file target28.cif (mmCIF, C-alpha atoms)
data_start
loop_
_atom_site.group_PDB
_atom_site.id
_atom_site.type_symbol
_atom_site.label_atom_id
_atom_site.label_comp_id
_atom_site.auth_asym_id
_atom_site.auth_seq_id
_atom_site.Cartn_x
_atom_site.Cartn_y
_atom_site.Cartn_z
ATOM 1 C CA MET F 209 16.227 18.876 9.969
ATOM 2 C CA GLU F 210 14.610 15.869 11.528
ATOM 3 C CA ILE F 211 11.200 14.399 12.341
ATOM 4 C CA THR F 212 11.334 11.555 14.808
ATOM 5 C CA THR F 213 8.490 9.572 16.323
ATOM 6 C CA GLU F 214 8.220 6.200 18.000
ATOM 7 C CA LYS F 215 7.524 4.543 14.617
ATOM 8 C CA TYR F 216 9.687 6.389 12.111
ATOM 9 C CA SER F 217 12.182 9.106 11.472
ATOM 10 C CA VAL F 218 12.929 11.302 8.493
ATOM 11 C CA GLN F 219 16.172 13.226 8.670
ATOM 12 C CA TYR F 220 18.086 15.538 6.377
ATOM 13 C CA ASP F 221 21.820 15.630 6.959
ATOM 14 C CA GLU F 222 22.789 18.908 5.310
ATOM 15 C CA ALA F 223 26.509 18.189 5.388
ATOM 16 C CA ALA F 224 26.166 14.777 3.751
ATOM 17 C CA LYS F 225 23.283 15.959 1.525
ATOM 18 C CA THR F 226 21.388 12.836 2.519
ATOM 19 C CA VAL F 227 17.756 12.268 3.438
ATOM 20 C CA SER F 228 17.293 9.150 5.562
ATOM 21 C CA CYS F 229 13.919 7.506 6.214
ATOM 22 C CA ARG F 230 13.698 4.825 8.876
ATOM 23 C CA GLY F 231 11.083 2.606 10.494
ATOM 24 C CA ALA F 232 7.454 2.276 9.403
ATOM 25 C CA LEU F 233 5.843 5.085 7.414
ATOM 26 C CA ARG F 234 2.162 4.209 7.429
ATOM 27 C CA LEU F 235 0.429 7.511 8.069
ATOM 28 C CA ALA F 236 -3.201 8.193 7.209
ATOM 29 C CA GLY F 237 -3.182 10.182 3.996
ATOM 30 C CA MET F 238 -1.573 13.386 2.803
ATOM 31 C CA GLU F 239 -2.601 15.513 5.773
ATOM 32 C CA ASP F 240 -0.634 13.365 8.192
ATOM 33 C CA TYR F 241 2.324 13.331 5.843
ATOM 34 C CA ALA F 242 2.344 17.152 5.654
ATOM 35 C CA PRO F 243 5.310 17.702 8.063
ATOM 36 C CA ILE F 244 7.395 15.184 6.115
ATOM 37 C CA ILE F 245 6.429 16.811 2.807
ATOM 38 C CA GLN F 246 7.495 20.182 4.261
ATOM 39 C CA LEU F 247 10.867 18.755 5.300
ATOM 40 C CA LEU F 248 11.363 17.296 1.809
ATOM 41 C CA ASP F 249 10.416 20.626 0.220
ATOM 42 C CA ARG F 250 13.143 22.310 2.254
ATOM 43 C CA VAL F 251 15.630 19.746 0.929
ATOM 44 C CA ILE F 252 14.679 20.811 -2.605
ATOM 45 C CA GLU F 253 15.228 24.459 -1.580
ATOM 46 C CA ASP F 254 18.699 23.538 -0.284
ATOM 47 C CA HIS F 255 19.347 22.350 -3.841
ATOM 48 C CA PRO F 256 22.300 19.987 -3.420
ATOM 49 C CA PRO F 257 23.904 19.038 -6.772
ATOM 50 C CA THR F 258 23.740 15.391 -5.703
ATOM 51 C CA LEU F 259 21.171 14.246 -3.200
ATOM 52 C CA ARG F 260 21.106 10.842 -1.534
ATOM 53 C CA LEU F 261 17.837 9.302 -0.378
ATOM 54 C CA ASN F 262 18.708 6.535 2.061
ATOM 55 C CA LEU F 263 15.864 4.052 2.586
ATOM 56 C CA GLN F 264 18.000 1.172 3.880
ATOM 57 C CA GLN F 265 16.226 1.153 7.233
ATOM 58 C CA LEU F 266 12.729 1.897 5.983
ATOM 59 C CA GLU F 267 10.942 -1.342 6.863
ATOM 60 C CA PHE F 268 7.408 -0.391 5.792
ATOM 61 C CA LEU F 269 5.861 2.177 3.505
ATOM 62 C CA ASN F 270 2.144 2.409 2.763
ATOM 63 C CA SER F 271 0.710 3.618 -0.524
ATOM 64 C CA SER F 272 0.312 7.180 0.789
ATOM 65 C CA GLY F 273 4.024 7.075 1.618
ATOM 66 C CA ILE F 274 4.778 5.765 -1.877
ATOM 67 C CA ASN F 275 2.848 8.781 -3.144
ATOM 68 C CA VAL F 276 4.923 11.159 -0.980
ATOM 69 C CA LEU F 277 8.274 9.723 -2.108
ATOM 70 C CA SER F 278 7.144 9.693 -5.746
ATOM 71 C CA LYS F 279 6.114 13.351 -5.562
ATOM 72 C CA PHE F 280 9.497 14.153 -4.049
ATOM 73 C CA VAL F 281 11.332 12.322 -6.837
ATOM 74 C CA LEU F 282 9.287 14.200 -9.438
ATOM 75 C CA LYS F 283 10.158 17.503 -7.759
ATOM 76 C CA VAL F 284 13.845 16.590 -7.918
ATOM 77 C CA ARG F 285 13.410 15.631 -11.574
ATOM 78 C CA GLY F 286 11.925 19.077 -12.186
ATOM 79 C CA GLN F 287 15.107 20.713 -10.873
ATOM 80 C CA LYS F 288 17.120 19.589 -13.928
ATOM 81 C CA ASP F 289 20.520 20.209 -12.289
ATOM 82 C CA MET F 290 20.015 17.908 -9.293
ATOM 83 C CA ALA F 291 21.153 14.285 -9.324
ATOM 84 C CA LEU F 292 19.445 11.735 -7.111
ATOM 85 C CA ILE F 293 20.844 8.521 -5.673
ATOM 86 C CA VAL F 294 18.349 6.240 -3.940
ATOM 87 C CA GLU F 295 19.923 3.757 -1.554
ATOM 88 C CA GLY F 296 17.829 0.649 -0.952
ATOM 89 C CA SER F 297 18.256 -2.598 0.902
ATOM 90 C CA LYS F 298 17.771 -6.073 -0.565
ATOM 91 C CA ALA F 299 17.037 -7.307 2.949
ATOM 92 C CA ILE F 300 13.717 -5.411 2.850
ATOM 93 C CA PRO F 301 11.602 -7.133 0.176
ATOM 94 C CA TRP F 302 9.181 -4.278 -0.613
ATOM 95 C CA GLN F 303 12.111 -2.181 -1.775
ATOM 96 C CA GLU F 304 13.155 -4.662 -4.456
ATOM 97 C CA ARG F 305 9.536 -4.832 -5.612
ATOM 98 C CA SER F 306 8.691 -1.153 -5.629
ATOM 99 C CA LEU F 307 11.745 1.136 -5.776
ATOM 100 C CA LYS F 308 12.077 0.512 -9.513
ATOM 101 C CA ASN F 309 8.952 2.656 -9.911
ATOM 102 C CA LEU F 310 10.923 5.684 -8.705
ATOM 103 C CA GLN F 311 13.426 5.006 -11.451
ATOM 104 C CA ARG F 312 10.619 4.851 -13.996
ATOM 105 C CA LEU F 313 9.536 8.306 -12.816
ATOM 106 C CA MET F 314 13.074 9.660 -13.082
ATOM 107 C CA PRO F 315 15.137 7.545 -15.492
ATOM 108 C CA ASN F 316 18.496 9.087 -14.533
ATOM 109 C CA LEU F 317 17.929 8.350 -10.857
ATOM 110 C CA GLU F 318 20.653 6.029 -9.605
ATOM 111 C CA LEU F 319 19.405 3.092 -7.549
ATOM 112 C CA THR F 320 22.007 1.425 -5.341
ATOM 113 C CA TRP F 321 21.650 -1.625 -3.082
ATOM 114 C CA ASP F 322 23.486 -2.490 0.115
ATOM 115 C CA MET T 505 -27.276 -5.057 -6.134
ATOM 116 C CA ASP T 506 -25.078 -8.089 -6.525
ATOM 117 C CA GLN T 507 -22.243 -7.398 -8.882
ATOM 118 C CA ILE T 508 -18.842 -8.928 -9.495
ATOM 119 C CA LEU T 509 -15.879 -7.204 -11.136
ATOM 120 C CA GLY T 510 -12.381 -8.464 -11.858
ATOM 121 C CA SER T 511 -11.003 -11.779 -10.599
ATOM 122 C CA PHE T 512 -13.513 -12.544 -7.871
ATOM 123 C CA SER T 513 -14.250 -16.209 -7.215
ATOM 124 C CA ASN T 514 -17.440 -17.268 -5.476
ATOM 125 C CA HIS T 515 -16.175 -20.847 -5.409
ATOM 126 C CA LEU T 516 -12.921 -20.783 -3.543
ATOM 127 C CA PRO T 517 -11.913 -24.168 -2.176
ATOM 128 C CA VAL T 518 -12.502 -24.393 1.574
ATOM 129 C CA SER T 519 -9.481 -23.227 3.492
ATOM 130 C CA LYS T 520 -8.712 -24.952 6.780
ATOM 131 C CA GLU T 521 -6.215 -22.342 7.820
ATOM 132 C CA TYR T 522 -7.371 -18.771 8.063
ATOM 133 C CA LEU T 523 -7.467 -15.705 10.257
ATOM 134 C CA THR T 524 -10.263 -13.138 10.386
ATOM 135 C CA ILE T 525 -10.151 -9.773 12.130
ATOM 136 C CA VAL T 526 -13.398 -7.860 12.531
ATOM 137 C CA LEU T 527 -13.675 -4.282 13.670
ATOM 138 C CA SER T 528 -16.478 -1.873 14.161
ATOM 139 C CA PRO T 529 -15.895 1.596 12.722
ATOM 140 C CA SER T 530 -18.073 3.077 15.443
ATOM 141 C CA SER T 531 -16.118 1.940 18.506
ATOM 142 C CA ALA T 532 -13.260 4.431 18.099
ATOM 143 C CA PRO T 533 -12.524 7.318 15.742
ATOM 144 C CA LEU T 534 -10.600 6.405 12.628
ATOM 145 C CA GLN T 535 -7.605 8.530 13.512
ATOM 146 C CA GLN T 536 -7.272 6.928 16.917
ATOM 147 C CA ARG T 537 -7.247 3.391 15.534
ATOM 148 C CA TRP T 538 -5.250 3.960 12.341
ATOM 149 C CA HIS T 539 -2.201 2.474 14.019
ATOM 150 C CA ASN T 540 -4.156 -0.785 14.493
ATOM 151 C CA ASN T 541 -4.107 -1.356 10.732
ATOM 152 C CA GLY T 542 -0.369 -1.839 10.835
ATOM 153 C CA LEU T 543 -0.602 -4.005 13.951
ATOM 154 C CA SER T 544 -3.260 -6.248 12.391
ATOM 155 C CA ALA T 545 -1.379 -6.513 9.102
ATOM 156 C CA ASP T 546 1.902 -7.338 10.821
ATOM 157 C CA PHE T 547 0.213 -9.961 12.987
ATOM 158 C CA MET T 548 -1.277 -11.660 9.919
ATOM 159 C CA ALA T 549 2.105 -11.467 8.225
ATOM 160 C CA ASP T 550 4.010 -12.998 11.142
ATOM 161 C CA TYR T 551 1.380 -15.695 11.611
ATOM 162 C CA PHE T 552 1.312 -16.815 7.974
ATOM 163 C CA ALA T 553 5.068 -16.641 7.499
ATOM 164 C CA ALA T 554 5.225 -19.771 9.685
ATOM 165 C CA PHE T 555 3.796 -21.825 6.766
ATOM 166 C CA PHE T 556 6.559 -20.786 4.366
ATOM 167 C CA PRO T 557 8.537 -21.990 2.615
ATOM 168 C CA ARG T 558 6.214 -24.972 2.196
ATOM 169 C CA SER T 559 7.621 -28.490 2.330
ATOM 170 C CA GLN T 560 7.190 -29.033 -1.417
ATOM 171 C CA ASP T 561 8.763 -25.695 -2.247
ATOM 172 C CA LYS T 562 12.264 -25.193 -3.352
ATOM 173 C CA VAL T 563 13.390 -22.345 -1.175
ATOM 174 C CA ALA T 564 13.532 -19.325 -3.419
ATOM 175 C CA SER T 565 13.486 -15.661 -2.661
ATOM 176 C CA CYS T 566 9.794 -15.493 -3.584
ATOM 177 C CA ASN T 567 8.586 -17.968 -0.955
ATOM 178 C CA SER T 568 10.942 -17.241 1.911
ATOM 179 C CA LYS T 569 9.505 -16.222 5.269
ATOM 180 C CA VAL T 570 10.784 -12.701 4.944
ATOM 181 C CA GLU T 571 9.226 -12.298 1.475
ATOM 182 C CA VAL T 572 5.838 -13.685 2.577
ATOM 183 C CA LYS T 573 5.857 -11.465 5.656
ATOM 184 C CA SER T 574 6.596 -8.380 3.654
ATOM 185 C CA ALA T 575 3.927 -9.085 1.016
ATOM 186 C CA VAL T 576 1.198 -9.967 3.532
ATOM 187 C CA SER T 577 2.026 -6.984 5.665
ATOM 188 C CA PHE T 578 1.793 -4.555 2.727
ATOM 189 C CA ILE T 579 -1.386 -6.014 1.226
ATOM 190 C CA ALA T 580 -3.284 -6.484 4.500
ATOM 191 C CA ASN T 581 -2.381 -2.971 5.622
ATOM 192 C CA GLU T 582 -3.538 -1.439 2.335
ATOM 193 C CA LEU T 583 -6.813 -3.379 2.415
ATOM 194 C CA LEU T 584 -7.488 -2.252 5.985
ATOM 195 C CA GLU T 585 -6.587 1.365 5.193
ATOM 196 C CA ASN T 586 -8.943 1.323 2.192
ATOM 197 C CA ALA T 587 -11.723 -0.322 4.191
ATOM 198 C CA MET T 588 -11.420 2.374 6.858
ATOM 199 C CA LYS T 589 -11.230 5.240 4.399
ATOM 200 C CA PHE T 590 -14.187 4.176 2.288
ATOM 201 C CA SER T 591 -16.571 2.504 4.716
ATOM 202 C CA ASP T 592 -19.877 4.265 5.272
ATOM 203 C CA SER T 593 -19.559 5.078 8.955
ATOM 204 C CA SER T 594 -23.264 5.949 9.253
ATOM 205 C CA THR T 595 -24.183 2.265 8.816
ATOM 206 C CA GLU T 596 -22.052 0.892 11.685
ATOM 207 C CA TYR T 597 -21.478 -2.108 9.412
ATOM 208 C CA PRO T 598 -18.327 -3.925 10.544
ATOM 209 C CA ILE T 599 -15.078 -4.036 8.584
ATOM 210 C CA SER T 600 -13.507 -7.462 8.260
ATOM 211 C CA ILE T 601 -10.349 -8.900 6.806
ATOM 212 C CA THR T 602 -9.676 -12.591 6.289
ATOM 213 C CA LEU T 603 -6.478 -14.225 5.148
ATOM 214 C CA GLN T 604 -6.737 -17.814 3.921
ATOM 215 C CA LEU T 605 -3.978 -20.291 3.197
ATOM 216 C CA HIS T 606 -4.562 -22.330 0.019
ATOM 217 C CA SER T 607 -2.369 -24.967 -1.605
ATOM 218 C CA ASP T 608 -0.958 -22.566 -4.175
ATOM 219 C CA SER T 609 -1.883 -19.137 -2.896
ATOM 220 C CA LEU T 610 -2.805 -16.771 -0.140
ATOM 221 C CA VAL T 611 -6.241 -15.201 -0.471
ATOM 222 C CA PHE T 612 -7.209 -11.960 1.246
ATOM 223 C CA LEU T 613 -10.871 -10.968 1.633
ATOM 224 C CA SER T 614 -11.749 -7.577 3.044
ATOM 225 C CA THR T 615 -15.313 -6.372 3.444
ATOM 226 C CA ASN T 616 -16.639 -2.921 4.230
ATOM 227 C CA SER T 617 -19.742 -0.857 3.620
ATOM 228 C CA VAL T 618 -19.650 1.812 0.916
ATOM 229 C CA LYS T 619 -21.697 4.947 0.435
ATOM 230 C CA ALA T 620 -24.277 4.320 -2.293
ATOM 231 C CA ASP T 621 -23.346 7.498 -4.161
ATOM 232 C CA THR T 622 -19.681 6.468 -4.463
ATOM 233 C CA VAL T 623 -20.297 3.010 -5.959
ATOM 234 C CA SER T 624 -20.466 4.010 -9.620
ATOM 235 C CA GLN T 625 -17.257 6.067 -9.395
ATOM 236 C CA PHE T 626 -15.491 3.161 -7.681
ATOM 237 C CA GLN T 627 -16.723 0.709 -10.319
ATOM 238 C CA ALA T 628 -15.548 2.991 -13.116
ATOM 239 C CA PHE T 629 -12.101 3.082 -11.496
ATOM 240 C CA ILE T 630 -12.073 -0.730 -11.287
ATOM 241 C CA GLN T 631 -12.984 -1.017 -14.996
ATOM 242 C CA GLU T 632 -10.125 1.342 -15.784
ATOM 243 C CA ILE T 633 -7.504 -0.640 -13.877
ATOM 244 C CA MET T 634 -8.727 -3.966 -15.265
ATOM 245 C CA ALA T 635 -8.370 -2.698 -18.830
ATOM 246 C CA ASP T 636 -4.772 -1.497 -18.652
ATOM 247 C CA ASP T 637 -1.293 -2.696 -17.769
ATOM 248 C CA PRO T 638 -1.062 -2.155 -13.983
ATOM 249 C CA SER T 639 2.584 -1.087 -13.901
ATOM 250 C CA ASP T 640 2.079 1.522 -16.641
ATOM 251 C CA LEU T 641 -1.048 2.716 -14.917
ATOM 252 C CA LEU T 642 0.776 2.929 -11.580
ATOM 253 C CA VAL T 643 3.490 5.171 -13.020
ATOM 254 C CA ARG T 644 0.903 7.325 -14.783
ATOM 255 C CA GLN T 645 -1.104 7.624 -11.567
ATOM 256 C CA LEU T 646 2.008 8.669 -9.594
ATOM 257 C CA GLU T 647 2.696 11.381 -12.192
ATOM 258 C CA LYS T 648 -0.913 12.518 -12.054
ATOM 259 C CA ASN T 649 -0.990 12.614 -8.257
ATOM 260 C CA ALA T 650 2.094 14.835 -8.236
ATOM 261 C CA GLU T 651 0.066 17.504 -9.986
ATOM 262 C CA GLU T 652 -2.714 17.394 -7.417
ATOM 263 C CA ASP T 653 -2.582 18.190 -3.736
ATOM 264 C CA GLU T 654 -5.233 15.888 -2.392
ATOM 265 C CA ASN T 655 -5.761 12.397 -3.709
ATOM 266 C CA MET T 656 -7.471 10.205 -1.169
ATOM 267 C CA GLY T 657 -8.845 7.629 -3.534
ATOM 268 C CA SER T 658 -6.172 7.343 -6.143
ATOM 269 C CA GLY T 659 -6.009 3.550 -5.905
ATOM 270 C CA LEU T 660 -2.236 3.430 -5.513
ATOM 271 C CA GLY T 661 -2.426 0.557 -3.027
ATOM 272 C CA LEU T 662 -4.441 -1.620 -5.408
ATOM 273 C CA LEU T 663 -2.232 -0.712 -8.366
ATOM 274 C CA THR T 664 0.910 -1.502 -6.358
ATOM 275 C CA MET T 665 -0.487 -4.929 -5.400
ATOM 276 C CA MET T 666 -1.168 -5.711 -9.053
ATOM 277 C CA SER T 667 2.001 -4.217 -10.455
ATOM 278 C CA ASP T 668 4.669 -5.022 -7.874
ATOM 279 C CA TYR T 669 3.158 -8.108 -6.169
ATOM 280 C CA LEU T 670 1.485 -9.583 -9.283
ATOM 281 C CA ALA T 671 -1.707 -9.990 -7.273
ATOM 282 C CA LYS T 672 -5.047 -10.746 -8.930
ATOM 283 C CA ILE T 673 -7.913 -8.704 -7.536
ATOM 284 C CA GLY T 674 -11.685 -9.010 -7.686
ATOM 285 C CA TRP T 675 -14.587 -7.115 -6.151
ATOM 286 C CA LYS T 676 -18.084 -8.116 -5.132
ATOM 287 C CA PHE T 677 -20.711 -5.458 -4.442
ATOM 288 C CA GLU T 678 -23.778 -6.569 -2.484
ATOM 289 C CA THR T 679 -26.842 -4.944 -1.034
ATOM 290 C CA VAL T 680 -26.937 -6.536 2.390
ATOM 291 C CA GLN T 681 -29.859 -4.517 3.731
ATOM 292 C CA GLU T 682 -32.706 -2.724 1.934
ATOM 293 C CA ASP T 683 -34.148 -0.179 4.323
ATOM 294 C CA PRO T 684 -32.060 1.703 5.130
ATOM 295 C CA GLU T 685 -29.878 0.525 2.296
ATOM 296 C CA ILE T 686 -26.453 -0.892 3.108
ATOM 297 C CA ILE T 687 -24.101 -1.770 0.262
ATOM 298 C CA THR T 688 -20.890 -3.666 0.943
ATOM 299 C CA VAL T 689 -17.851 -4.339 -1.178
ATOM 300 C CA THR T 690 -15.678 -7.394 -0.688
ATOM 301 C CA THR T 691 -12.215 -7.114 -2.182
ATOM 302 C CA MET T 692 -10.513 -10.419 -2.945
ATOM 303 C CA VAL T 693 -6.748 -10.455 -3.491
ATOM 304 C CA TYR T 694 -4.971 -13.588 -4.699
ATOM 305 C CA LEU T 695 -1.299 -13.879 -4.179
ATOM 306 C CA MET T 696 0.286 -16.941 -5.749
ATOM 307 C CA MET T 697 2.740 -18.433 -3.253
#
call {"tool": "encode", "arguments": {"input": "target28.cif", "output": "C-alpha cells"}}
result
Amino acid sequence: MEITTEKYSVQYDEAAKTVSCRGALRLAGMEDYAPIIQLLDRVIEDHPPTLRLNLQQLEFLNSSGINVLSKFVLKVRGQKDMALIVEGSKAIPWQERSLKNLQRLMPNLELTWD
Amino acid sequence: MDQILGSFSNHLPVSKEYLTIVLSPSSAPLQQRWHNNGLSADFMADYFAAFFPRSQDKVASCNSKVEVKSAVSFIANELLENAMKFSDSSTEYPISITLQLHSDSLVFLSTNSVKADTVSQFQAFIQEIMADDPSDLLVRQLEKNAEEDENMGSGLGLLTMMSDYLAKIGWKFETVQEDPEIITVTTMVYLMM
C-alpha cells in the first residue's frame, strides 16, 4: 500500500511490517488527510505483532499531521497485543521536539533514533 | 473592541531586520493556495537561518541553522494555516505574517480578520491554554481529538509551539472598521533564540 505525491509519500511494507512517511506532510485538515488515514487503518487491520513507523525522512509535519499520527498511535494502543516502534531522526529537529508526545500517548511505544 | 490576551507586547523594540508577507484571501481559493503556506514558511526559515548562530552565541544545538530553520518553518506555517482557516473571507481583509529579528529572540506577528461570532469561543480557548501546562494540555487534546472525527479548531499548532518550542504567545483583538464591522486578531509568538 502506498500513497505518493510530489511532496510526500506514505507506504506500508507488509513484509517488513513497516509504515514509512517521507517528505512534507502539510495537508489542509482532516479531509485532505483522509486517504492517509484510510491507509493507516488498513495497517491496523493487518494487525502485525510489532509495527515499525519510520519517520526518518519526514522533513515536515503540520499540526493536522501531528493529529493524524497521534490518532494512529492511539489506535495501536487500543489493540493491546500490538507493539509499536517509532523510528526518528536526530537530523530533523522537529522530531526531537515533538515525537516524545507520541510516547506520552502510548508509554510502551519504543522510540529509536538513527 | 481592543483586547489583549496572553503575552502580547505593544512595545516591542524596533526591529531593523524583518520580513512581511501579505496575502489577500480573495485572490485565489484557499485550497488552491494552501501549498503557498509551506513555501512562505520555508522562505522565512531559510532567510532567517542566515543570522544564526549569532556571533556572541556559543554554537549549541538550539541555535544552529538547522534548528532555527526547523522552528521558523513549523511556527510560520502553523500561523499561516490558522490565519487562512479562521479569517473572515467576506471582509477581504488581508492576511499578513511578519518575522522580526531581535537581539534575544525571533518574533512572529500574524494578522487576520475573524468572524465576530467566533471571537468569544476563541478567547475562551485562549484563557484555557494560558491557565494550564501546555504539554499536559497538548497530550490531553490529542487524546480528545482521537475520539472525534472533525476537529478544525483544536489549537494543536498553538499548543505545540508552547509545549515543544517553548514559545510565548499573545493575542490582540481589534475592531479595525465599524460599519460593516471588521475584527482582526494579531497573534504574536516569541521564540527565544
call {"tool": "residues_near_point", "arguments": {"input": "target28.cif", "point": "(-11.8, -8.4, 6.5)", "cutoff": "7 Å", "atoms": "only C-alpha atoms", "output": "ChimeraX atom specification"}}
result
/T:524-526,599-602,613-615
call {"tool": "interface_residues", "arguments": {"input": "target28.cif", "of": "chain T", "to": "chain F", "cutoff": "10 Å", "atoms": "all atoms listed in the file", "output": "number ranges by chain"}}
result
T: 534-535, 538-539, 541-542, 565-566, 570-575, 577-579, 581-582, 585, 589, 639-640, 642-665, 667-669
call {"tool": "resolve_selection", "arguments": {"input": "target28.cif", "expression": "the PyMOL selection byres ((chain F and resi 259-265) around 6)", "output": "VMD selection string"}}
result
chain F and resid 225 to 230 256 258 266 to 267 292 to 297
call {"tool": "resolve_selection", "arguments": {"input": "target28.cif", "expression": "the PyMOL selection byres ((chain T and resi 686) around 12)", "output": "VMD selection string"}}
result
chain T and resid 505 591 to 598 616 to 621 623 677 to 685 687 to 689
call {"tool": "write_last_selection", "arguments": {"input": "target28.cif", "atoms": "C-alpha atoms", "output": "PDB file, in the coordinates of the input"}}
result
ATOM      1  CA  MET T 505     -27.276  -5.057  -6.134  1.00  0.00           C
ATOM      2  CA  SER T 591     -16.571   2.504   4.716  1.00  0.00           C
ATOM      3  CA  ASP T 592     -19.877   4.265   5.272  1.00  0.00           C
ATOM      4  CA  SER T 593     -19.559   5.078   8.955  1.00  0.00           C
ATOM      5  CA  SER T 594     -23.264   5.949   9.253  1.00  0.00           C
ATOM      6  CA  THR T 595     -24.183   2.265   8.816  1.00  0.00           C
ATOM      7  CA  GLU T 596     -22.052   0.892  11.685  1.00  0.00           C
ATOM      8  CA  TYR T 597     -21.478  -2.108   9.412  1.00  0.00           C
ATOM      9  CA  PRO T 598     -18.327  -3.925  10.544  1.00  0.00           C
ATOM     10  CA  ASN T 616     -16.639  -2.921   4.230  1.00  0.00           C
ATOM     11  CA  SER T 617     -19.742  -0.857   3.620  1.00  0.00           C
ATOM     12  CA  VAL T 618     -19.650   1.812   0.916  1.00  0.00           C
ATOM     13  CA  LYS T 619     -21.697   4.947   0.435  1.00  0.00           C
ATOM     14  CA  ALA T 620     -24.277   4.320  -2.293  1.00  0.00           C
ATOM     15  CA  ASP T 621     -23.346   7.498  -4.161  1.00  0.00           C
ATOM     16  CA  VAL T 623     -20.297   3.010  -5.959  1.00  0.00           C
ATOM     17  CA  PHE T 677     -20.711  -5.458  -4.442  1.00  0.00           C
ATOM     18  CA  GLU T 678     -23.778  -6.569  -2.484  1.00  0.00           C
ATOM     19  CA  THR T 679     -26.842  -4.944  -1.034  1.00  0.00           C
ATOM     20  CA  VAL T 680     -26.937  -6.536   2.390  1.00  0.00           C
ATOM     21  CA  GLN T 681     -29.859  -4.517   3.731  1.00  0.00           C
ATOM     22  CA  GLU T 682     -32.706  -2.724   1.934  1.00  0.00           C
ATOM     23  CA  ASP T 683     -34.148  -0.179   4.323  1.00  0.00           C
ATOM     24  CA  PRO T 684     -32.060   1.703   5.130  1.00  0.00           C
ATOM     25  CA  GLU T 685     -29.878   0.525   2.296  1.00  0.00           C
ATOM     26  CA  ILE T 687     -24.101  -1.770   0.262  1.00  0.00           C
ATOM     27  CA  THR T 688     -20.890  -3.666   0.943  1.00  0.00           C
ATOM     28  CA  VAL T 689     -17.851  -4.339  -1.178  1.00  0.00           C
TER      29      VAL T 689
END
call {"tool": "atom_distance", "arguments": {"input": "target28.cif", "atom1": "CA of Asp249 (chain F)", "atom2": "CA of Gln287 (chain F)"}}
result
12.0 Å
call {"tool": "resolve_selection", "arguments": {"input": "target28.cif", "expression": "the PyMOL selection byres ((chain T and resi 670-675) around 6)", "output": "NGL selection string"}}
result
:T and (508-512 or 665-669 or 676 or 690-695)
call {"tool": "atom_distance", "arguments": {"input": "target28.cif", "atom1": "CA of Leu641 (chain T)", "atom2": "CA of Tyr241 (chain F)"}}
result
23.6 Å
call {"tool": "axis_aligned_box", "arguments": {"input": "target28.cif", "around": "region 605-613 of chain T", "padding_each_side": "4 Å", "output": "JSON"}}
result
{"center_x": -5.9, "center_y": -18.0, "center_z": -0.5, "size_x": 17.9, "size_y": 22.0, "size_z": 15.4}
call {"tool": "atom_distance", "arguments": {"input": "target28.cif", "atom1": "CA of Met209 (chain F)", "atom2": "CA of Glu222 (chain F)"}}
result
8.0 Å
call {"tool": "closest_residue", "arguments": {"input": "target28.cif", "among": "T:Ala580, T:Pro529, T:Val611, T:Phe590", "to": "Phe626 (chain T)", "atoms": "all atoms listed in the file"}}
result
T:Phe590
call {"tool": "closest_residue", "arguments": {"input": "target28.cif", "among": "F:Gly273, F:Val218, F:Ile252, F:Lys288", "to": "Asp240 (chain F)", "atoms": "all atoms listed in the file"}}
result
F:Gly273
